[in-house]
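Chemist: I'm passing along coords15.cif; it holds mmCIF, C-alpha atoms and all ligand atoms.
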data_data
#
loop_
_atom_site.label_atom_id
_atom_site.label_comp_id
_atom_site.auth_asym_id
_atom_site.auth_seq_id
_atom_site.Cartn_x
_atom_site.Cartn_y
_atom_site.Cartn_z
CA MET A 109 0.00 0.00 0.00
CA ARG A 110 1.23 3.53 -0.78
CA MET A 111 0.22 6.75 0.96
CA TYR A 112 0.26 8.44 -2.44
CA ASP A 113 -2.59 6.21 -3.66
CA ILE A 114 -4.65 6.83 -0.51
CA ILE A 115 -4.31 10.61 -0.94
CA GLU A 116 -5.23 10.33 -4.62
CA LYS A 117 -8.26 8.15 -3.85
CA LYS A 118 -9.65 10.58 -1.30
CA ARG A 119 -8.73 13.58 -3.48
CA ASP A 120 -10.92 12.07 -6.18
CA GLY A 121 -13.82 11.62 -3.76
CA HIS A 122 -13.75 7.86 -3.17
CA GLU A 123 -14.40 6.00 0.07
CA LEU A 124 -11.33 4.69 1.92
CA THR A 125 -11.27 1.13 3.22
CA ASP A 126 -10.60 -0.01 6.77
CA ALA A 127 -7.09 -1.12 5.73
CA GLU A 128 -6.30 2.23 4.08
CA ILE A 129 -7.44 4.22 7.12
CA ALA A 130 -5.41 1.93 9.38
CA PHE A 131 -2.38 2.34 7.07
CA PHE A 132 -2.59 6.12 7.40
CA VAL A 133 -3.21 6.26 11.17
CA ASP A 134 -0.65 3.62 12.13
CA GLY A 135 1.94 4.89 9.64
CA TYR A 136 1.63 8.50 10.75
CA VAL A 137 1.92 7.59 14.43
CA ALA A 138 4.95 5.40 13.71
CA GLY A 139 6.64 8.24 11.80
CA ARG A 140 6.63 6.36 8.48
CA ILE A 141 4.32 8.90 6.87
CA PRO A 142 5.71 12.44 6.71
CA ASP A 143 3.75 15.57 7.68
CA TYR A 144 3.39 16.66 4.05
CA GLN A 145 1.57 13.50 3.04
CA ALA A 146 -0.59 13.50 6.17
CA SER A 147 -1.44 17.17 5.47
CA ALA A 148 -2.42 16.35 1.92
CA LEU A 149 -4.74 13.57 3.06
CA LEU A 150 -6.29 15.80 5.74
CA MET A 151 -6.96 18.47 3.12
CA ALA A 152 -8.51 15.87 0.82
CA ILE A 153 -10.76 14.70 3.70
CA TYR A 154 -11.58 18.31 4.50
CA LEU A 155 -12.67 18.96 0.90
CA ARG A 156 -14.26 15.59 0.10
CA GLY A 157 -15.66 14.52 3.48
CA MET A 158 -16.01 10.98 4.79
CA SER A 159 -18.93 8.57 5.02
CA ALA A 160 -20.33 7.62 8.43
CA GLU A 161 -18.49 4.29 8.16
CA GLU A 162 -15.14 5.94 7.26
CA THR A 163 -15.58 8.34 10.21
CA ARG A 164 -16.32 5.43 12.55
CA LEU A 165 -13.26 3.53 11.34
CA LEU A 166 -11.03 6.60 11.61
CA THR A 167 -12.28 7.09 15.20
CA LEU A 168 -11.59 3.46 16.12
CA HIS A 169 -8.08 3.44 14.63
CA MET A 170 -7.26 6.71 16.38
CA MET A 171 -8.60 5.38 19.68
CA ASN A 172 -6.58 2.17 19.31
CA SER A 173 -3.39 4.04 18.35
CA GLY A 174 -2.43 4.03 22.03
CA GLU A 175 -3.54 2.87 25.46
CA VAL A 176 -7.19 2.95 26.44
CA VAL A 177 -8.15 4.00 29.98
CA ASP A 178 -9.95 1.34 31.98
CA LEU A 179 -12.36 2.98 34.42
CA SER A 180 -14.05 -0.26 35.41
CA GLY A 181 -12.55 0.02 38.91
CA ILE A 182 -14.33 3.30 39.62
CA PRO A 183 -17.27 2.60 41.98
CA GLY A 184 -19.94 4.71 40.26
CA ALA A 185 -20.99 6.45 37.06
CA THR A 186 -18.15 7.94 35.05
CA VAL A 187 -18.89 11.12 33.12
CA ASP A 188 -17.06 13.32 30.64
CA LYS A 189 -17.90 16.43 28.67
CA HIS A 190 -16.36 17.99 25.61
CA SER A 191 -16.78 21.17 23.66
CA THR A 192 -16.07 21.37 19.95
CA GLY A 193 -14.23 24.57 20.70
CA GLY A 194 -15.09 28.19 21.03
CA VAL A 195 -13.82 31.57 22.13
CA GLY A 196 -13.89 32.17 25.87
CA ASP A 197 -15.33 28.69 26.37
CA LYS A 198 -14.12 27.76 29.83
CA THR A 199 -17.17 25.68 30.80
CA SER A 200 -15.16 22.49 31.40
CA LEU A 201 -13.14 24.14 34.14
CA ALA A 202 -16.36 24.90 36.04
CA VAL A 203 -18.40 21.82 35.15
CA VAL A 204 -15.77 19.27 36.25
CA PRO A 205 -15.65 20.39 39.92
CA MET A 206 -19.41 21.02 39.93
CA LEU A 207 -20.09 17.40 38.96
CA ALA A 208 -17.63 16.14 41.57
CA ALA A 209 -19.56 18.13 44.18
CA MET A 210 -23.08 17.38 42.88
CA ASP A 211 -23.03 13.61 43.43
CA PRO A 212 -20.01 12.74 45.59
CA GLY A 213 -19.11 9.07 45.80
CA ARG A 214 -21.54 8.16 42.99
CA THR A 215 -20.54 10.25 39.96
CA PHE A 216 -16.90 10.60 38.89
CA VAL A 217 -15.48 12.90 36.21
CA ALA A 218 -12.65 11.48 34.11
CA LYS A 219 -11.91 14.24 31.65
CA MET A 220 -9.40 14.04 28.86
CA THR A 221 -8.90 17.31 27.08
CA GLY A 222 -6.88 19.12 24.43
CA ARG A 223 -4.83 22.21 23.76
CA GLY A 224 -5.96 25.30 21.87
CA LEU A 225 -6.78 24.62 18.25
CA GLY A 226 -7.02 27.27 15.54
CA HIS A 227 -8.66 30.35 17.00
CA THR A 228 -10.15 28.42 19.93
CA GLY A 229 -8.67 27.99 23.40
CA GLY A 230 -7.91 24.61 24.99
CA THR A 231 -8.60 23.39 28.51
CA VAL A 232 -5.04 22.03 28.90
CA ASP A 233 -3.56 25.46 28.15
CA LYS A 234 -5.97 27.13 30.56
CA LEU A 235 -5.16 24.69 33.37
CA GLU A 236 -1.43 25.03 32.75
CA SER A 237 -1.74 28.73 33.54
CA ILE A 238 -2.17 27.56 37.16
CA PRO A 239 1.45 27.25 38.37
CA GLY A 240 2.45 23.60 38.76
CA PHE A 241 -0.80 22.09 37.43
CA ASN A 242 0.03 18.72 35.95
CA THR A 243 -2.14 17.58 33.05
CA ALA A 244 0.35 14.82 32.22
CA LEU A 245 -0.73 12.24 34.83
CA SER A 246 0.03 8.60 34.19
CA GLN A 247 -3.01 6.45 33.61
CA GLU A 248 -2.71 5.01 37.10
CA ALA A 249 -2.43 8.44 38.72
CA PHE A 250 -5.39 9.68 36.65
CA ILE A 251 -7.61 6.83 37.83
CA ASP A 252 -6.44 7.24 41.45
CA CYS A 253 -7.21 10.95 41.29
CA VAL A 254 -10.69 10.30 39.87
CA ARG A 255 -11.39 7.73 42.60
CA GLU A 256 -10.04 9.82 45.49
CA HIS A 257 -11.13 13.31 44.50
CA GLY A 258 -14.16 12.61 42.31
CA ALA A 259 -12.55 14.16 39.24
CA ALA A 260 -9.35 14.57 37.28
CA ILE A 261 -8.41 16.29 34.04
CA ILE A 262 -5.60 15.12 31.78
CA GLY A 263 -4.19 16.06 28.42
CA GLN A 264 -3.48 13.40 25.83
CA THR A 265 -0.33 12.46 27.57
CA GLY A 266 1.81 9.38 27.43
CA ASN A 267 0.41 6.96 25.00
CA LEU A 268 -3.24 8.10 25.01
CA VAL A 269 -4.64 8.68 21.51
CA PRO A 270 -1.24 9.56 19.99
CA ALA A 271 -2.89 9.67 16.57
CA ASP A 272 -5.17 12.52 17.62
CA LYS A 273 -2.32 14.36 19.29
CA LEU A 274 -0.34 14.39 16.03
CA ILE A 275 -3.26 14.97 13.66
CA TYR A 276 -4.75 17.70 15.89
CA ALA A 277 -1.48 19.65 15.87
CA LEU A 278 -1.13 19.28 12.10
CA ARG A 279 -4.73 20.37 11.42
CA ASP A 280 -4.18 23.41 13.59
CA VAL A 281 -1.58 24.76 11.16
CA THR A 282 -2.91 23.45 7.83
CA ALA A 283 -6.42 25.01 7.76
CA THR A 284 -8.08 21.61 8.10
CA VAL A 285 -9.85 22.03 11.41
CA SER A 286 -13.51 22.65 10.55
CA SER A 287 -14.34 19.31 8.99
CA ILE A 288 -17.15 17.16 10.42
CA PRO A 289 -15.37 13.76 10.11
CA LEU A 290 -12.08 15.17 11.43
CA ILE A 291 -13.70 16.88 14.41
CA ALA A 292 -16.01 13.93 15.16
CA SER A 293 -13.15 11.41 15.06
CA SER A 294 -10.83 13.66 17.06
CA ILE A 295 -13.34 14.26 19.84
CA MET A 296 -14.85 10.79 19.96
CA SER A 297 -11.48 9.00 19.87
CA LYS A 298 -10.53 10.94 23.00
CA LYS A 299 -13.89 10.46 24.69
CA LEU A 300 -13.93 6.72 24.03
CA THR A 301 -10.29 6.32 25.11
CA ALA A 302 -10.92 8.19 28.36
CA GLY A 303 -13.42 5.47 29.20
CA SER A 304 -16.43 7.32 30.67
CA SER A 305 -19.86 5.79 30.33
CA CYS A 306 -21.79 9.10 30.07
CA ILE A 307 -20.66 11.80 27.66
CA LEU A 308 -22.06 15.29 27.14
CA LEU A 309 -20.96 17.02 23.94
CA ASP A 310 -21.23 20.79 23.58
CA VAL A 311 -21.28 21.53 19.85
CA LYS A 312 -20.62 25.18 19.25
CA VAL A 313 -22.13 27.02 16.31
CA GLY A 314 -21.57 30.50 14.91
CA SER A 315 -18.85 32.89 13.86
CA GLY A 316 -16.49 31.70 16.61
CA ALA A 317 -17.06 27.99 16.10
CA PHE A 318 -15.73 25.49 13.59
CA MET A 319 -19.37 24.88 12.59
CA LYS A 320 -20.83 28.08 11.16
CA THR A 321 -24.48 27.02 10.72
CA VAL A 322 -26.98 25.20 12.95
CA PRO A 323 -27.63 22.40 10.38
CA GLU A 324 -23.86 21.71 10.15
CA ALA A 325 -23.57 21.68 13.94
CA VAL A 326 -26.53 19.31 14.26
CA GLU A 327 -24.88 17.03 11.66
CA LEU A 328 -21.66 16.99 13.69
CA ALA A 329 -23.65 16.35 16.89
CA GLN A 330 -25.50 13.45 15.26
CA ALA A 331 -22.24 11.96 13.92
CA MET A 332 -20.65 12.02 17.38
CA VAL A 333 -23.72 10.74 19.23
CA ALA A 334 -23.96 7.84 16.74
CA ILE A 335 -20.27 6.91 17.22
CA GLY A 336 -20.56 7.00 21.02
CA GLU A 337 -23.84 5.12 21.28
CA GLY A 338 -22.50 2.55 18.84
CA MET A 339 -19.74 1.96 21.39
CA GLY A 340 -22.25 1.46 24.20
CA ARG A 341 -21.96 4.88 25.85
CA ARG A 342 -24.78 7.23 26.91
CA VAL A 343 -24.26 10.36 24.84
CA LYS A 344 -26.12 13.65 24.55
CA ALA A 345 -25.15 16.70 22.51
CA LEU A 346 -26.13 20.34 22.93
CA VAL A 347 -25.80 22.80 20.06
CA THR A 348 -24.93 26.15 21.63
CA ASN A 349 -24.34 29.70 20.47
CA MET A 350 -20.78 30.75 19.57
CA ASP A 351 -21.74 33.86 17.61
CA ARG A 352 -20.42 35.74 20.59
CA PRO A 353 -17.58 34.95 23.00
CA LEU A 354 -18.70 33.13 26.14
CA GLY A 355 -18.31 35.22 29.26
CA HIS A 356 -16.03 38.24 29.45
CA ALA A 357 -12.56 36.64 29.59
CA ILE A 358 -10.55 35.25 26.67
CA GLY A 359 -7.04 33.95 27.32
CA ASN A 360 -5.77 31.31 29.69
CA ALA A 361 -5.18 32.88 33.11
CA LEU A 362 -7.98 35.40 32.54
CA GLU A 363 -10.37 32.51 31.93
CA VAL A 364 -9.25 30.65 35.05
CA ALA A 365 -9.97 33.82 37.05
CA GLU A 366 -13.45 34.02 35.48
CA VAL A 367 -14.13 30.40 36.39
CA ILE A 368 -13.21 31.16 40.00
CA GLU A 369 -15.75 33.99 39.97
CA THR A 370 -18.36 31.71 38.40
CA LEU A 371 -17.82 29.03 41.03
CA HIS A 372 -18.42 31.75 43.63
CA GLY A 373 -21.74 32.60 41.94
CA ARG A 374 -20.42 35.85 40.49
CA GLY A 375 -19.86 34.74 36.89
CA PRO A 376 -21.25 36.36 33.74
CA ALA A 377 -24.88 35.37 33.11
CA ASP A 378 -24.24 33.54 29.81
CA LEU A 379 -21.41 31.46 31.27
CA GLU A 380 -23.38 30.64 34.40
CA HIS A 381 -26.38 29.62 32.29
CA GLU A 382 -24.24 27.28 30.21
CA VAL A 383 -22.39 25.61 33.07
CA LEU A 384 -25.68 24.98 34.90
CA LEU A 385 -27.18 23.47 31.74
CA ILE A 386 -24.23 21.18 31.03
CA ALA A 387 -23.74 20.07 34.63
CA SER A 388 -27.46 19.27 35.01
CA ASP A 389 -27.66 17.38 31.71
CA LEU A 390 -24.58 15.37 32.55
CA LEU A 391 -25.85 14.30 35.96
CA GLU A 392 -29.22 13.43 34.44
CA LEU A 393 -27.42 11.17 31.91
CA THR A 394 -26.12 9.03 34.77
CA GLY A 395 -29.72 8.17 35.71
CA HIS A 396 -28.95 9.00 39.35
CA CYS A 397 -31.62 11.67 39.59
CA THR A 398 -34.22 13.64 37.64
CA ARG A 399 -33.34 16.68 35.52
CA GLN A 400 -35.05 18.91 38.09
CA GLU A 401 -33.04 17.46 40.97
CA ALA A 402 -29.83 17.68 38.92
CA GLU A 403 -30.44 21.37 38.25
CA ALA A 404 -31.19 22.04 41.92
CA ARG A 405 -27.90 20.36 42.84
CA ALA A 406 -25.97 22.33 40.20
CA ARG A 407 -27.26 25.59 41.68
CA ARG A 408 -26.65 24.37 45.24
CA VAL A 409 -22.98 23.45 44.76
CA ILE A 410 -22.27 26.97 43.54
CA ALA A 411 -24.29 28.63 46.28
CA ASP A 412 -22.79 26.59 49.14
CA GLY A 413 -19.18 26.79 47.92
CA SER A 414 -18.75 23.04 47.45
CA ALA A 415 -18.00 23.34 43.71
CA PHE A 416 -15.25 25.85 44.46
CA ALA A 417 -13.88 23.57 47.20
CA ALA A 418 -13.89 20.68 44.70
CA PHE A 419 -11.95 22.80 42.19
CA LYS A 420 -9.36 23.56 44.84
CA GLU A 421 -9.10 19.88 45.72
CA ILE A 422 -8.57 18.92 42.06
CA VAL A 423 -5.96 21.67 41.55
CA GLU A 424 -4.08 20.53 44.65
CA ALA A 425 -4.33 16.85 43.70
CA GLN A 426 -2.83 17.64 40.30
CA ASP A 427 0.08 19.61 41.82
CA GLY A 428 -1.31 23.05 41.01
CA ASP A 429 -0.76 25.95 43.39
CA PRO A 430 -4.13 26.25 45.20
CA ARG A 431 -3.26 29.73 46.47
CA VAL A 432 -4.13 31.19 43.05
CA LEU A 433 -7.75 30.19 43.61
CA ASP A 434 -8.00 32.44 46.65
CA ASP A 435 -5.83 35.11 45.10
CA PRO A 436 -6.13 35.12 41.29
CA SER A 437 -3.59 37.98 41.12
CA LEU A 438 -0.99 35.19 41.59
CA LEU A 439 -1.91 33.84 38.13
CA PRO A 440 0.36 34.87 35.23
CA GLY A 441 -0.41 38.42 34.14
CA ALA A 442 0.42 40.94 31.44
CA THR A 443 2.65 43.99 31.63
CA LEU A 444 0.92 45.83 28.79
CA THR A 445 -2.74 46.74 28.32
CA ARG A 446 -4.65 48.69 25.73
CA THR A 447 -8.31 49.72 25.65
CA PHE A 448 -10.47 49.31 22.57
CA ALA A 449 -13.19 51.99 22.66
CA ALA A 450 -16.50 52.28 20.80
CA PRO A 451 -16.12 54.51 17.72
CA CYS A 452 -19.76 55.72 17.88
CA ASP A 453 -22.99 55.60 19.90
CA GLY A 454 -25.22 52.58 19.30
CA PHE A 455 -25.15 48.83 19.93
CA VAL A 456 -22.75 45.97 19.36
CA ALA A 457 -24.51 44.60 16.27
CA HIS A 458 -22.16 41.75 15.36
CA ILE A 459 -18.97 40.17 16.67
CA ASP A 460 -16.74 38.20 14.33
CA THR A 461 -15.96 35.80 17.15
CA GLU A 462 -13.31 33.89 15.21
CA ALA A 463 -11.44 37.18 14.71
CA VAL A 464 -11.66 37.79 18.47
CA GLY A 465 -10.10 34.34 19.02
CA ILE A 466 -7.36 35.11 16.50
CA ALA A 467 -6.76 38.48 18.19
CA SER A 468 -6.30 36.66 21.50
CA ALA A 469 -3.87 34.21 19.87
CA GLU A 470 -1.95 37.13 18.34
CA LEU A 471 -1.68 38.72 21.76
CA GLY A 472 0.13 35.52 22.79
CA ALA A 473 -2.71 33.45 24.32
CA GLY A 474 -2.74 30.90 21.48
CA ARG A 475 -0.43 29.29 18.97
CA LEU A 476 0.05 30.68 15.49
CA THR A 477 2.41 27.79 14.63
CA LYS A 478 2.70 24.30 16.09
CA GLU A 479 5.88 25.21 18.00
CA ASP A 480 4.66 28.49 19.56
CA ALA A 481 4.82 28.85 23.34
CA ILE A 482 1.73 30.19 25.10
CA ASP A 483 1.77 33.45 27.04
CA TYR A 484 -0.61 32.51 29.86
CA GLY A 485 -1.18 36.11 30.93
CA ALA A 486 -2.20 37.40 27.49
CA GLY A 487 -5.78 37.79 26.33
CA ILE A 488 -8.82 40.02 26.19
CA THR A 489 -11.36 41.22 28.74
CA LEU A 490 -14.64 42.03 27.00
CA LEU A 491 -16.62 44.81 28.56
CA LYS A 492 -19.30 44.78 25.85
CA ASN A 493 -20.77 41.74 24.15
CA TYR A 494 -23.32 41.18 21.39
CA GLY A 495 -26.37 43.44 21.70
CA ASP A 496 -24.92 45.72 24.39
CA PRO A 497 -25.47 49.49 24.11
CA VAL A 498 -22.36 51.70 23.79
CA VAL A 499 -21.56 55.39 23.68
CA ALA A 500 -18.72 56.79 21.58
CA GLY A 501 -15.40 56.49 23.41
CA GLU A 502 -16.72 53.96 25.93
CA PRO A 503 -14.33 51.02 26.56
CA VAL A 504 -15.49 47.87 24.74
CA ALA A 505 -12.54 45.60 25.58
CA ILE A 506 -9.17 45.60 27.30
CA LEU A 507 -6.30 43.79 25.63
CA HIS A 508 -3.52 42.21 27.71
CA ALA A 509 -0.06 41.31 26.36
CA ASN A 510 3.60 41.12 27.27
CA ASP A 511 5.01 42.17 23.89
CA PRO A 512 4.30 45.53 22.22
CA ALA A 513 4.23 44.08 18.68
CA LYS A 514 1.74 41.41 19.76
CA LEU A 515 -0.36 44.03 21.51
CA ALA A 516 -0.52 46.10 18.32
CA ALA A 517 -1.41 43.10 16.14
CA GLY A 518 -4.14 41.91 18.53
CA ALA A 519 -5.57 45.43 18.88
CA GLU A 520 -5.85 45.89 15.13
CA ARG A 521 -7.55 42.51 14.71
CA LEU A 522 -10.00 43.11 17.57
CA ALA A 523 -11.05 46.52 16.21
CA GLY A 524 -12.03 44.83 12.94
CA ALA A 525 -14.05 42.15 14.74
CA TYR A 526 -16.76 44.45 16.11
CA THR A 527 -19.63 45.97 14.12
CA PHE A 528 -21.69 48.74 15.71
CA ALA A 529 -25.15 49.88 14.58
CA ALA A 530 -27.78 52.38 15.64
CA LYS A 531 -30.42 49.66 16.17
CA GLN A 532 -30.22 46.91 18.77
CA PRO A 533 -29.76 43.51 17.04
CA PRO A 534 -32.25 40.71 17.74
CA ALA A 535 -31.59 38.56 20.80
CA THR A 536 -30.24 35.09 19.92
CA PRO A 537 -30.67 31.91 21.98
CA LEU A 538 -27.81 30.37 23.93
CA LEU A 539 -29.09 26.83 23.14
CA TYR A 540 -30.20 25.95 19.59
CA ALA A 541 -30.80 22.21 19.73
CA THR A 542 -30.39 19.03 21.71
CA VAL A 543 -29.35 15.76 20.05
CA THR A 544 -29.76 12.39 21.75
N1 LIG A 601 -11.89 19.65 19.67
C1 LIG A 601 -11.23 18.50 19.48
O1 LIG A 601 -10.89 17.80 20.42
N2 LIG A 601 -10.94 18.13 18.23
C2 LIG A 601 -11.32 18.86 17.17
O2 LIG A 601 -11.05 18.46 16.08
C3 LIG A 601 -12.02 20.06 17.37
C4 LIG A 601 -12.29 20.44 18.64
#
Now that the file is in, can you turn its structure into structure tokens?
Modeler:
Amino acid sequence: MRMYDIIEKKRDGHELTDAEIAFFVDGYVAGRIPDYQASALLMAIYLRGMSAEETRLLTLHMMNSGEVVDLSGIPGATVDKHSTGGVGDKTSLAVVPMLAAMDPGRTFVAKMTGRGLGHTGGTVDKLESIPGFNTALSQEAFIDCVREHGAAIIGQTGNLVPADKLIYALRDVTATVSSIPLIASSIMSKKLTAGSSCILLDVKVGSGAFMKTVPEAVELAQAMVAIGEGMGRRVKALVTNMDRPLGHAIGNALEVAEVIETLHGRGPADLEHEVLLIASDLLELTGHCTRQEAEARARRVIADGSAFAAFKEIVEAQDGDPRVLDDPSLLPGATLTRTFAAPCDGFVAHIDTEAVGIASAELGAGRLTKEDAIDYGAGITLLKNYGDPVVAGEPVAILHANDPAKLAAGAERLAGAYTFAAKQPPATPLLYATVT
């Protein structure tokens, strides 16, 4: 078999066989297939798509490219959640400790997560802004942490889904991210490998998401639910609004600080709404209680401080410095700031949310190339979001950076991302659809 022929076959729109998909996945992981050929195949998949069967096979070969976590020793329901990626989407950081606090001793969160991709942030990068936080736990340590503390979060470390690790990084720099089969296989290979029995998928849609329209997002949601259920897991997907950044903070340490506020019940309304929704749906999936009871518990663990205490326990268990949770000023910061002000009176009529994500990456919060290091203190604080009224000269956002050239680049990009109008734009829902 030759990689050249596989690329040509997909380029010409034909369906790949099980053996061909295995040849690509195994060969790329083993280093036999160079980046340029893998990139060419990814672009062909991006342009030509994959059938449901090809996507399922790609997912299985990616999952089996490394070790698979065995959570059978955990004495309760195991749950996981995943977002397809957005701007300012820090829901996982809040939902994981909430779940640990909502059903202690009966529901356990075993979350495997990724780094920033394209214009979107990644939970691993956000967690690594907490000094010392270790997302590279061994499988044994991960399972121990889940059992003892009710939750743990790991990156794709060691030999977990090495195929996704490599393909994800390559897609990030070859404009091949927003493809339904590539996203579905990437997410579901990780979710299946991480071993949880209940999985909640948050499929983002809009200008800041990889899926730009609701029908596309529903198609992605259906593809992922089908893969998961076919593997005997309970899976539910929400299709949520990413036509506007979620919350006020974009950038790693800034987002951790916003999660701390949210766990204290002082978070932005849209973020609080979404974390309550996801946490309640996830607990309901376990079958341990009704939706109503799950929602009451989600609200209670924020109000009584137990979700915040659980976050602290997880941070400490994974070697993070817990002092930053009580004093977020200890998180990495930025030496330079610049204010973006409204150019006229009116309303924020549209936000090109992808451009906001790129602006944050240009400030240093994300990677523009595979090798880039993250500046954990860089990012954007939004003071005005979609639909908000503004007066000329009023601050709309504050940019944070540690490099003047990056600050200038991010500021220019952000200014182009906002559209102002005299009339208030129509309100849009936070939740578009639910797929089971
Ligand atoms: N999140 C992932 O884990 N993979 C993707 O491909 C996109 C978002």
Chemist: Using all atoms listed in the file, which of A:Ile288, A:Val176, A:Val347, A:Ala473 sits nearest ligand LIG 601 (chain A)?
Modeler: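 Among the listed residues, the smallest separation from ligand LIG 601 (chain A) belongs to A:Ile288.
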Chemist: Which one of A:Val456, A:Ala130, A:Ala365, A:Ala345 sits closest to Glu502 (chain A) if you count all atoms listed in the file?
Modeler: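 The shortest atom-to-atom distance to Glu502 (chain A) comes from A:Val456.
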Chemist: As a ChimeraX atom specification, please: every protein or nucleic acid residue near ligand LIG 601 (chain A) (cut-off 7 Å, counting all atoms listed in the file).
Modeler: /A:191-193,221-222,225,276,285,290-292,294-295
Chemist: Go ahead and save the picked residues with C-alpha atoms, as a compact mmCIF listing (two decimals), keeping the file's coordinate frame.
Modeler:
# COMPACT_ATOMS: atom_id res chain seq x y z
CA SER A 191 -16.78 21.17 23.66
CA THR A 192 -16.07 21.37 19.95
CA GLY A 193 -14.23 24.57 20.70
CA THR A 221 -8.90 17.31 27.08
CA GLY A 222 -6.88 19.12 24.43
CA LEU A 225 -6.78 24.62 18.25
CA TYR A 276 -4.75 17.70 15.89
CA VAL A 285 -9.85 22.03 11.41
CA LEU A 290 -12.08 15.17 11.43
CA ILE A 291 -13.70 16.88 14.41
CA ALA A 292 -16.01 13.93 15.16
CA SER A 294 -10.83 13.66 17.06
CA ILE A 295 -13.34 14.26 19.84
Chemist: Just the number, please: distance in Å from CA of Asp435 (chain A) to CA of Ile262 (chain A), one decimal.
Modeler: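 Pair CA of Asp435 (chain A) / CA of Ile262 (chain A) returns 24.0 Å.
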Chemist: One decimal, Å: what's the distance from CA of Val137 (chain A) over to CA of Met171 (chain A), could you say?
Modeler: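 Those two atoms sit 12.0 Å apart.
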Chemist: Which one of A:Tyr484, A:Phe216, A:Tyr144, A:Phe419 sits closest to Ile238 (chain A) if you count all atoms listed in the file?
Modeler: A:Tyr484
Chemist: Give me region 284-297 of chain A with N, CA and C atoms filled in, as an mmCIF file, in the coordinates of the input.
Modeler:
data_model
loop_
_atom_site.group_PDB
_atom_site.id
_atom_site.type_symbol
_atom_site.label_atom_id
_atom_site.label_comp_id
_atom_site.auth_asym_id
_atom_site.auth_seq_id
_atom_site.Cartn_x
_atom_site.Cartn_y
_atom_site.Cartn_z
ATOM 1 N N THR A 284 -7.226 22.782 8.302
ATOM 2 C CA THR A 284 -8.080 21.610 8.100
ATOM 3 C C THR A 284 -8.857 21.271 9.377
ATOM 4 N N VAL A 285 -9.170 22.303 10.136
ATOM 5 C CA VAL A 285 -9.850 22.030 11.410
ATOM 6 C C VAL A 285 -11.346 21.789 11.227
ATOM 7 N N SER A 286 -12.036 22.689 10.514
ATOM 8 C CA SER A 286 -13.510 22.650 10.550
ATOM 9 C C SER A 286 -14.114 21.635 9.591
ATOM 10 N N SER A 287 -13.835 20.395 9.828
ATOM 11 C CA SER A 287 -14.340 19.310 8.990
ATOM 12 C C SER A 287 -15.097 18.344 9.900
ATOM 13 N N ILE A 288 -16.331 18.006 9.530
ATOM 14 C CA ILE A 288 -17.150 17.160 10.420
ATOM 15 C C ILE A 288 -16.470 15.825 10.726
ATOM 16 N N PRO A 289 -15.998 15.040 9.728
ATOM 17 C CA PRO A 289 -15.370 13.760 10.110
ATOM 18 C C PRO A 289 -14.099 13.936 10.927
ATOM 19 N N LEU A 290 -13.322 14.995 10.658
ATOM 20 C CA LEU A 290 -12.080 15.170 11.430
ATOM 21 C C LEU A 290 -12.376 15.610 12.861
ATOM 22 N N ILE A 291 -13.361 16.464 13.047
ATOM 23 C CA ILE A 291 -13.700 16.880 14.410
ATOM 24 C C ILE A 291 -14.351 15.711 15.155
ATOM 25 N N ALA A 292 -15.301 15.040 14.487
ATOM 26 C CA ALA A 292 -16.010 13.930 15.160
ATOM 27 C C ALA A 292 -15.026 12.841 15.588
ATOM 28 N N SER A 293 -14.092 12.480 14.706
ATOM 29 C CA SER A 293 -13.150 11.410 15.060
ATOM 30 C C SER A 293 -12.172 11.876 16.130
ATOM 31 N N SER A 294 -11.767 13.140 16.063
ATOM 32 C CA SER A 294 -10.830 13.660 17.060
ATOM 33 C C SER A 294 -11.480 13.635 18.443
ATOM 34 N N ILE A 295 -12.680 14.179 18.528
ATOM 35 C CA ILE A 295 -13.340 14.260 19.840
ATOM 36 C C ILE A 295 -13.711 12.873 20.335
ATOM 37 N N MET A 296 -14.345 12.084 19.478
ATOM 38 C CA MET A 296 -14.850 10.790 19.960
ATOM 39 C C MET A 296 -13.716 9.806 20.241
ATOM 40 N N SER A 297 -12.586 9.899 19.525
ATOM 41 C CA SER A 297 -11.480 9.000 19.870
ATOM 42 C C SER A 297 -10.998 9.299 21.288
#
